[in-house]
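Undergrad: Compact mmCIF, C-alpha atoms, saved as final.txt, coming up:
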# COMPACT_ATOMS: atom_id res chain seq x y z
CA MET V 1 0.00 0.00 0.00
CA ALA V 2 1.24 3.50 -0.81
CA PHE V 3 1.28 6.31 1.75
CA ARG V 4 -1.92 8.34 1.67
CA LEU V 5 -3.71 10.95 3.75
CA ALA V 6 -6.89 10.26 5.68
CA PRO V 7 -9.93 11.88 4.03
CA THR V 8 -10.31 14.22 7.02
CA ALA V 9 -6.74 15.48 6.59
CA ALA V 10 -7.12 15.97 2.85
CA SER V 11 -10.39 17.86 3.32
CA GLU V 12 -8.64 20.23 5.75
CA GLY V 13 -5.99 21.14 3.17
CA PHE V 14 -3.12 18.94 4.29
CA ARG V 15 -0.78 17.70 1.56
CA LEU V 16 1.49 14.67 1.33
CA GLU V 17 5.01 14.17 0.00
CA ALA V 18 6.11 10.52 0.21
CA HIS V 19 9.60 9.06 -0.30
CA ASP V 20 11.03 5.56 -0.37
CA SER V 21 14.13 6.90 1.38
CA VAL V 22 15.21 10.34 2.57
CA GLY V 23 18.06 11.92 4.49
CA SER V 24 15.86 13.50 7.16
CA THR V 25 12.15 14.27 6.88
CA ASN V 26 12.57 17.20 9.29
CA ALA V 27 15.44 18.69 7.30
CA LEU V 28 13.55 18.29 4.02
CA ALA V 29 10.41 19.86 5.46
CA LEU V 30 12.34 22.90 6.71
CA GLU V 31 14.03 23.24 3.31
CA HIS V 32 10.55 23.43 1.78
CA ALA V 33 9.56 26.10 4.30
CA ARG V 34 12.59 28.24 3.46
CA ALA V 35 11.70 27.89 -0.23
CA GLY V 36 8.22 29.28 0.44
CA ASP V 37 6.04 26.26 1.25
CA PRO V 38 2.95 27.49 3.17
CA GLY V 39 2.86 24.48 5.51
CA LYS V 40 0.26 21.80 6.28
CA LEU V 41 2.61 19.42 4.47
CA TRP V 42 3.35 15.86 5.60
CA VAL V 43 6.76 14.52 4.50
CA VAL V 44 6.92 10.77 5.04
CA SER V 45 9.29 7.88 4.37
CA LYS V 46 9.88 4.26 5.40
CA LYS V 47 13.63 4.88 5.62
CA GLN V 48 15.88 7.73 6.77
CA GLU V 49 19.61 7.93 6.10
CA SER V 50 20.42 10.73 8.57
CA GLY V 51 17.52 10.98 11.00
CA ARG V 52 18.12 12.72 14.30
CA GLY V 53 16.58 12.88 17.74
CA ARG V 54 16.74 15.32 20.62
CA ARG V 55 20.04 16.99 21.51
CA GLY V 56 21.70 15.92 18.27
CA ARG V 57 21.32 12.20 18.90
CA VAL V 58 21.03 9.81 15.98
CA TRP V 59 17.56 8.41 15.24
CA ALA V 60 17.77 5.24 13.16
CA THR V 61 15.00 4.59 10.63
CA PRO V 62 15.72 1.33 8.81
CA GLU V 63 13.53 0.16 5.93
CA GLY V 64 9.95 -0.42 7.08
CA ASN V 65 9.86 1.96 10.03
CA LEU V 66 7.95 5.24 9.85
CA ALA V 67 9.52 8.69 9.58
CA ALA V 68 6.88 11.39 9.30
CA THR V 69 7.24 15.15 9.59
CA LEU V 70 4.42 17.66 9.58
CA LEU V 71 5.47 21.12 8.38
CA LEU V 72 3.45 24.01 9.77
CA VAL V 73 3.84 27.76 9.36
CA PRO V 74 1.70 28.91 12.27
CA GLY V 75 0.86 32.34 13.53
CA GLY V 76 1.25 33.24 17.18
CA GLU V 77 4.22 32.70 19.46
CA LEU V 78 7.01 30.19 18.99
CA ARG V 79 6.72 29.38 22.72
CA LEU V 80 3.15 28.20 22.19
CA ALA V 81 4.03 26.29 19.02
CA ALA V 82 6.48 24.25 21.14
CA THR V 83 3.50 22.56 22.80
CA LEU V 84 2.62 20.94 19.46
CA GLY V 85 4.89 18.09 20.55
CA PHE V 86 2.21 17.10 23.05
CA VAL V 87 -0.42 17.23 20.31
CA ALA V 88 1.81 14.93 18.25
CA GLY V 89 2.21 12.46 21.12
CA LEU V 90 -1.53 12.23 21.60
CA ALA V 91 -2.16 11.89 17.87
CA LEU V 92 0.33 9.03 17.59
CA ALA V 93 -1.02 7.23 20.64
CA ASP V 94 -4.55 7.53 19.26
CA ALA V 95 -3.38 6.24 15.87
CA LEU V 96 -1.66 3.27 17.47
CA ASP V 97 -4.79 2.43 19.44
CA ALA V 98 -6.74 2.53 16.17
CA VAL V 99 -4.51 0.21 14.14
CA VAL V 100 -3.15 -2.27 16.70
CA PRO V 101 -5.80 -4.83 17.65
CA LYS V 102 -6.81 -5.05 21.28
CA GLY V 103 -5.01 -7.84 23.09
CA ARG V 104 -1.84 -7.62 21.01
CA ILE V 105 -0.11 -5.29 23.47
CA ALA V 106 -0.72 -5.29 27.21
CA VAL V 107 -1.75 -2.19 29.11
CA ALA V 108 0.78 -0.39 31.30
CA VAL V 109 1.50 -2.02 34.65
CA ASP V 110 3.48 0.66 36.50
CA GLY V 111 2.45 3.72 38.46
CA ALA V 112 -0.84 5.58 38.45
CA SER V 113 -1.56 4.61 34.85
CA GLN V 114 -1.97 0.92 35.67
CA GLY V 115 -4.66 -0.76 33.63
CA ARG V 116 -5.47 2.18 31.35
CA ASN V 117 -3.14 2.54 28.40
CA ARG V 118 -1.34 0.24 25.98
CA PHE V 119 0.61 3.24 24.65
CA GLU V 120 1.94 5.73 27.18
CA LEU V 121 3.44 9.20 26.75
CA LYS V 122 6.81 9.89 28.35
CA TRP V 123 7.67 13.54 28.89
CA PRO V 124 8.53 15.36 26.79
CA ASN V 125 8.51 13.46 23.52
CA ASP V 126 8.45 9.64 23.64
CA VAL V 127 5.75 7.02 23.18
CA LEU V 128 6.19 3.82 25.19
CA ALA V 129 4.73 0.34 24.84
CA SER V 130 5.24 -2.26 27.57
CA GLY V 131 7.59 0.23 29.24
CA ALA V 132 9.94 0.44 26.23
CA LYS V 133 10.45 3.26 23.75
CA LEU V 134 8.40 2.73 20.61
CA ALA V 135 8.51 6.21 19.10
CA GLY V 136 10.11 9.62 19.44
CA ILE V 137 9.03 13.13 18.51
CA LEU V 138 11.32 16.01 17.58
CA LEU V 139 10.25 19.60 17.00
CA GLU V 140 12.55 21.89 15.04
CA SER V 141 11.93 25.44 13.86
CA ALA V 142 13.29 27.88 11.30
CA MET V 143 12.86 31.64 11.02
CA LEU V 144 11.35 32.87 7.76
CA ASP V 145 11.06 36.24 6.07
CA GLY V 146 8.76 38.78 7.65
CA GLY V 147 9.26 37.53 11.20
CA ARG V 148 7.36 34.32 10.54
CA PHE V 149 8.60 30.88 11.56
CA ALA V 150 8.13 27.29 10.46
CA VAL V 151 7.83 24.26 12.71
CA ALA V 152 8.77 20.73 11.67
CA ILE V 153 7.09 18.12 13.87
CA GLY V 154 9.07 14.93 13.35
CA ILE V 155 7.58 11.59 14.40
CA GLY V 156 9.66 8.42 14.22
CA VAL V 157 8.09 5.04 14.97
CA ASN V 158 9.79 1.66 15.31
CA VAL V 159 7.39 -0.33 13.17
CA VAL V 160 9.48 -3.35 12.12
CA ALA V 161 12.83 -2.83 13.90
CA TYR V 162 14.37 -1.05 16.88
CA PRO V 163 17.95 -0.25 17.98
CA GLU V 164 19.36 -2.62 20.58
CA ASP V 165 22.49 -0.71 21.66
CA LEU V 166 20.67 1.86 23.80
CA PRO V 167 20.95 2.73 27.53
CA TYR V 168 17.17 2.25 27.87
CA PRO V 169 14.71 -0.41 26.65
CA ALA V 170 13.27 -0.01 23.15
CA THR V 171 10.83 -2.03 21.10
CA SER V 172 8.96 -2.17 17.79
CA LEU V 173 5.41 -2.99 16.79
CA ARG V 174 6.67 -6.18 15.15
CA ALA V 175 8.51 -7.25 18.31
CA LEU V 176 5.29 -6.73 20.25
CA GLY V 177 3.36 -8.98 17.88
CA ALA V 178 1.55 -6.29 15.90
CA THR V 179 1.41 -6.61 12.10
CA CYS V 180 0.65 -2.97 11.24
CA ASP V 181 2.84 -1.44 8.50
CA ALA V 182 4.13 2.13 8.18
CA GLU V 183 1.55 3.12 5.56
CA THR V 184 -1.42 1.97 7.64
CA LEU V 185 -0.07 3.71 10.73
CA PHE V 186 0.51 6.97 8.86
CA LEU V 187 -3.03 6.93 7.47
CA ALA V 188 -4.38 6.72 11.04
CA LEU V 189 -1.86 9.31 12.24
CA SER V 190 -2.91 11.90 9.67
CA ASP V 191 -6.51 11.46 10.84
CA ALA V 192 -5.67 11.56 14.55
CA TRP V 193 -3.52 14.68 14.06
CA SER V 194 -6.50 16.57 12.65
CA GLU V 195 -8.67 15.64 15.64
CA ASN V 196 -6.08 16.60 18.25
CA ALA V 197 -5.07 19.79 16.44
CA ARG V 198 -8.71 20.90 16.46
CA LEU V 199 -8.69 20.35 20.23
CA TRP V 200 -5.44 22.34 20.57
CA ASP V 201 -7.12 25.16 18.58
CA ASP V 202 -4.02 27.33 17.96
CA GLY V 203 -3.14 27.00 21.63
CA ARG V 204 -6.51 28.03 23.00
CA GLY V 205 -7.24 24.42 23.90
CA LEU V 206 -3.87 23.69 25.49
CA ASP V 207 -5.46 22.89 28.86
CA ALA V 208 -7.59 20.19 27.23
CA ILE V 209 -4.48 18.77 25.52
CA ARG V 210 -2.66 18.82 28.85
CA LYS V 211 -5.45 16.86 30.55
CA ARG V 212 -5.57 14.28 27.74
CA TRP V 213 -1.78 13.95 27.88
CA LEU V 214 -1.79 13.39 31.65
CA ALA V 215 -4.36 10.60 31.22
CA ARG V 216 -1.73 8.77 29.12
CA ALA V 217 1.35 9.87 31.09
CA ALA V 218 4.00 7.26 31.88
CA GLY V 219 5.29 7.22 35.45
CA LEU V 220 2.78 9.68 36.88
CA GLY V 221 2.92 9.52 40.68
CA GLY V 222 6.08 7.44 40.65
CA GLU V 223 9.75 7.96 41.43
CA VAL V 224 11.67 9.84 38.76
CA ALA V 225 15.16 11.10 38.04
CA VAL V 226 15.76 13.95 35.59
CA ARG V 227 19.17 14.69 34.12
CA ILE V 228 19.61 18.41 33.45
CA ASP V 229 22.92 19.59 31.96
CA GLY V 230 24.89 16.89 33.75
CA ASN V 231 23.05 17.20 37.07
CA VAL V 232 20.43 14.74 38.32
CA VAL V 233 17.27 15.80 40.16
CA ARG V 234 15.20 13.11 41.91
CA GLY V 235 11.65 13.13 43.21
CA VAL V 236 8.07 12.11 42.42
CA PHE V 237 6.46 12.99 39.10
CA GLU V 238 3.43 15.07 40.12
CA THR V 239 2.07 16.63 36.91
CA ILE V 240 2.87 18.85 33.95
CA ASP V 241 2.00 22.53 34.41
CA GLU V 242 -0.07 24.83 32.22
CA ASP V 243 2.91 25.27 29.87
CA CYS V 244 3.49 21.49 29.75
CA ARG V 245 6.66 21.69 31.84
CA PHE V 246 7.60 18.69 34.00
CA VAL V 247 6.75 19.08 37.71
CA ILE V 248 8.28 16.92 40.43
CA ARG V 249 8.37 17.02 44.22
CA ASP V 250 11.84 16.28 45.58
CA ASP V 251 12.72 14.34 48.72
CA GLU V 252 12.62 17.52 50.81
CA GLY V 253 9.10 18.38 49.66
CA SER V 254 10.04 21.18 47.30
CA VAL V 255 8.20 21.46 43.98
CA LEU V 256 10.49 21.78 40.96
CA THR V 257 9.39 22.78 37.46
CA ILE V 258 11.63 21.56 34.63
CA ALA V 259 11.54 22.88 31.07
CA ALA V 260 14.02 20.42 29.51
CA GLY V 261 15.79 17.25 30.61
CA ASP V 262 16.11 13.47 30.23
CA VAL V 263 13.61 11.57 32.37
CA HIS V 264 14.15 8.15 33.96
CA PHE V 265 11.55 6.14 35.89
CA GLY V 266 11.37 3.35 38.44
CA ALA V 267 14.47 1.26 39.11
CA VAL V 268 16.53 3.41 36.77
CA ALA V 269 15.53 6.50 38.77
CA SER V 270 16.76 4.81 41.93
CA ALA V 271 20.15 4.04 40.40
CA ARG V 272 22.78 6.44 39.20
CA VAL V 273 21.74 7.95 35.84
Give the structure from the file, written as structure tokens.
TA:
Amino acid sequence: MAFRLAPTAASEGFRLEAHDSVGSTNALALEHARAGDPGKLWVVSKKQESGRGRRGRVWATPEGNLAATLLLVPGGELRLAATLGFVAGLALADALDAVVPKGRIAVAVDGASQGRNRFELKWPNDVLASGAKLAGILLESAMLDGGRFAVAIGIGVNVVAYPEDLPYPATSLRALGATCDAETLFLALSDAWSENARLWDDGRGLDAIRKRWLARAAGLGGEVAVRIDGNVVRGVFETIDEDCRFVIRDDEGSVLTIAAGDVHFGAVASARV
């Protein structure tokens, strides 16, 4: 099956550019923006040669996995556009729920989310299945003429393969027993994006997005360690605030709000990270 947009996405003016292989869907999308593309463009591929994750890390996309980037040229503030990563996480989790049959993947078993979700959201930008990383989301931006900016919302999903040389557990849909392919998942994703973006409503619905995200949050109420610029902060994951920043309560009872960092849960949080 070829990549295609859901009818809802097409009716809302989204466009699709599909590749068999690409260097980086994010990089290509931002190139289009600098060349004048108006946005609402999905750039998708089943293979990336030079994909990247947060903080310059490599993101491997071997043949059969999904690399999808949505290019937007929004109005408003760049600070608010940064919360689109939470919209993307919800859209992907909804898409996965739609295409992976019930019973193929068990619900989460840790923390306050026990018994609710097969696919959990790990702050700020990961999707987990059975406690392992299934997908990652990377937002990148570029300034354009006239004070405008473009946002590339990159979504990488381990559909058929996952890297095994990582300091944290990872998995793929195939390893979990699901038979969904990249094309089917993207079709559902393009539909789920439209629904969640309408809820976000150019940022006016951020509180509703925040509440939906917390209902899928991994590790909520549990022990957590956050690495910030080489330092480690430990405590209990309490919530995300109105700007979607990570909020923990440390061992002394102080509430800390964290804008960026690497999060570790459970036994890993108890060890040195």
Undergrad: Report as a tab-separated table (two decimals) with C-alpha atoms, in the coordinates of the input all protein, DNA and RNA residues lying within 12 Å of region 206-216 of chain V, evaluated on all atoms listed in the file, omitting residues in the same chain fewer than 4 positions from it.
TA:
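Output below, filename result.tsv:
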chain	number	residue	atom	x	y	z
V	80	LEU	CA	3.15	28.20	22.19
V	81	ALA	CA	4.03	26.29	19.02
V	82	ALA	CA	6.48	24.25	21.14
V	83	THR	CA	3.50	22.56	22.80
V	84	LEU	CA	2.62	20.94	19.46
V	85	GLY	CA	4.89	18.09	20.55
V	86	PHE	CA	2.21	17.10	23.05
V	87	VAL	CA	-0.42	17.23	20.31
V	88	ALA	CA	1.81	14.93	18.25
V	89	GLY	CA	2.21	12.46	21.12
V	90	LEU	CA	-1.53	12.23	21.60
V	91	ALA	CA	-2.16	11.89	17.87
V	92	LEU	CA	0.33	9.03	17.59
V	93	ALA	CA	-1.02	7.23	20.64
V	94	ASP	CA	-4.55	7.53	19.26
V	97	ASP	CA	-4.79	2.43	19.44
V	107	VAL	CA	-1.75	-2.19	29.11
V	108	ALA	CA	0.78	-0.39	31.30
V	111	GLY	CA	2.45	3.72	38.46
V	112	ALA	CA	-0.84	5.58	38.45
V	113	SER	CA	-1.56	4.61	34.85
V	114	GLN	CA	-1.97	0.92	35.67
V	115	GLY	CA	-4.66	-0.76	33.63
V	116	ARG	CA	-5.47	2.18	31.35
V	117	ASN	CA	-3.14	2.54	28.40
V	118	ARG	CA	-1.34	0.24	25.98
V	119	PHE	CA	0.61	3.24	24.65
V	120	GLU	CA	1.94	5.73	27.18
V	121	LEU	CA	3.44	9.20	26.75
V	122	LYS	CA	6.81	9.89	28.35
V	123	TRP	CA	7.67	13.54	28.89
V	124	PRO	CA	8.53	15.36	26.79
V	125	ASN	CA	8.51	13.46	23.52
V	126	ASP	CA	8.45	9.64	23.64
V	127	VAL	CA	5.75	7.02	23.18
V	128	LEU	CA	6.19	3.82	25.19
V	129	ALA	CA	4.73	0.34	24.84
V	195	GLU	CA	-8.67	15.64	15.64
V	196	ASN	CA	-6.08	16.60	18.25
V	197	ALA	CA	-5.07	19.79	16.44
V	198	ARG	CA	-8.71	20.90	16.46
V	199	LEU	CA	-8.69	20.35	20.23
V	200	TRP	CA	-5.44	22.34	20.57
V	201	ASP	CA	-7.12	25.16	18.58
V	202	ASP	CA	-4.02	27.33	17.96
V	220	LEU	CA	2.78	9.68	36.88
V	221	GLY	CA	2.92	9.52	40.68
V	237	PHE	CA	6.46	12.99	39.10
V	238	GLU	CA	3.43	15.07	40.12
V	239	THR	CA	2.07	16.63	36.91
V	240	ILE	CA	2.87	18.85	33.95
V	241	ASP	CA	2.00	22.53	34.41
V	242	GLU	CA	-0.07	24.83	32.22
V	243	ASP	CA	2.91	25.27	29.87
V	244	CYS	CA	3.49	21.49	29.75
V	245	ARG	CA	6.66	21.69	31.84
V	246	PHE	CA	7.60	18.69	34.00
V	247	VAL	CA	6.75	19.08	37.71
Undergrad: Work out how far apart CA of Val99 (chain V) and CA of Arg174 (chain V) are and give it in Å to one decimal.
TA: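 So the two atoms, CA of Val99 (chain V) and CA of Arg174 (chain V), lie 12.9 Å apart.
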Undergrad: What does the distance from CA of Arg227 (chain V) to CA of Ile248 (chain V) come to in Å, to one decimal?
TA: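 These atoms are spaced 12.8 Å apart.
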Undergrad: Using only C-alpha atoms, which of V:Leu5, V:Val233, V:Ala98, V:Ala135 sits nearest Pro163 (chain V)?
TA: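 Of the candidates, the smallest distance to Pro163 (chain V) is held by V:Ala135.
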Undergrad: Mind checking which residues fall within 9 Å of region 71-79 of chain V, counting all atoms listed in the file, ignoring those fewer than 2 positions away in the same chain, and posting them as a list of chain:residue names?
TA: V:Asn26, V:Ala29, V:Leu30, V:His32, V:Ala33, V:Asp37, V:Pro38, V:Gly39, V:Lys40, V:Leu41, V:Trp42, V:Val43, V:Thr69, V:Ala81, V:Ala82, V:Thr83, V:Ser141, V:Arg148, V:Phe149, V:Ala150, V:Val151, V:Ala152, V:Ile153, V:Gly154, V:Asp202, V:Gly203
Undergrad: When you look at Thr8 (chain V) with a cut-off of 12 Å (counting all atoms listed in the file), what residues show up, excluding the ones that are within fewer than 3 positions of it in the same chain? I need them as a list in words.
TA: Arg4, Leu5, Ser11, Glu12, Gly13, Phe14, Arg15, Leu187, Ala188, Leu189, Ser190, Asp191, Ala192, Trp193, Ser194, Glu195 and Arg198 of chain V
Undergrad: Under the rule that only C-alpha atoms are counted, which of V:Val159, V:Leu139, V:Val232, V:Val224 is the nearest residue to Phe265 (chain V)?
TA: V:Val224
Undergrad: Between CA of Phe186 (chain V) and CA of Val22 (chain V), measure the distance and give it in Å to one decimal.
TA: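 That distance, rounded to one decimal, is 16.3 Å.
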Undergrad: Please tell me which residues are no farther than 6 Å from (10.3, 12.5, 17.5) in the file, counting all atoms listed in the file, and write them as a VMD selection string.
TA: chain V and resid 136 to 138 154 to 156
Undergrad: Identify which of the residues V:Val100, V:Ala35, V:Ala132, V:Ala27 lies closest to Leu166 (chain V), counting all atoms listed in the file when measuring atom-to-atom distances.
TA: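 Between V:Val100, V:Ala35, V:Ala132, V:Ala27, the residue approaching Leu166 (chain V) most closely is V:Ala132.
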Undergrad: Quick one: residues within 7 Å of Val160 (chain V), all atoms listed in the file, excluding same-chain residues fewer than 4 positions away - as a list in words?
TA: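 Within the cut-off, the hits are Gly64, Asn65, Ser172, Leu173 and Arg174 of chain V.
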Undergrad: Please provide as a ChimeraX atom specification all residues within 10 Å of Met1 (chain V), with the sequence filter that same-chain residues fewer than 3 positions apart are discarded (counting all atoms listed in the file).
TA: /V:4,181-184
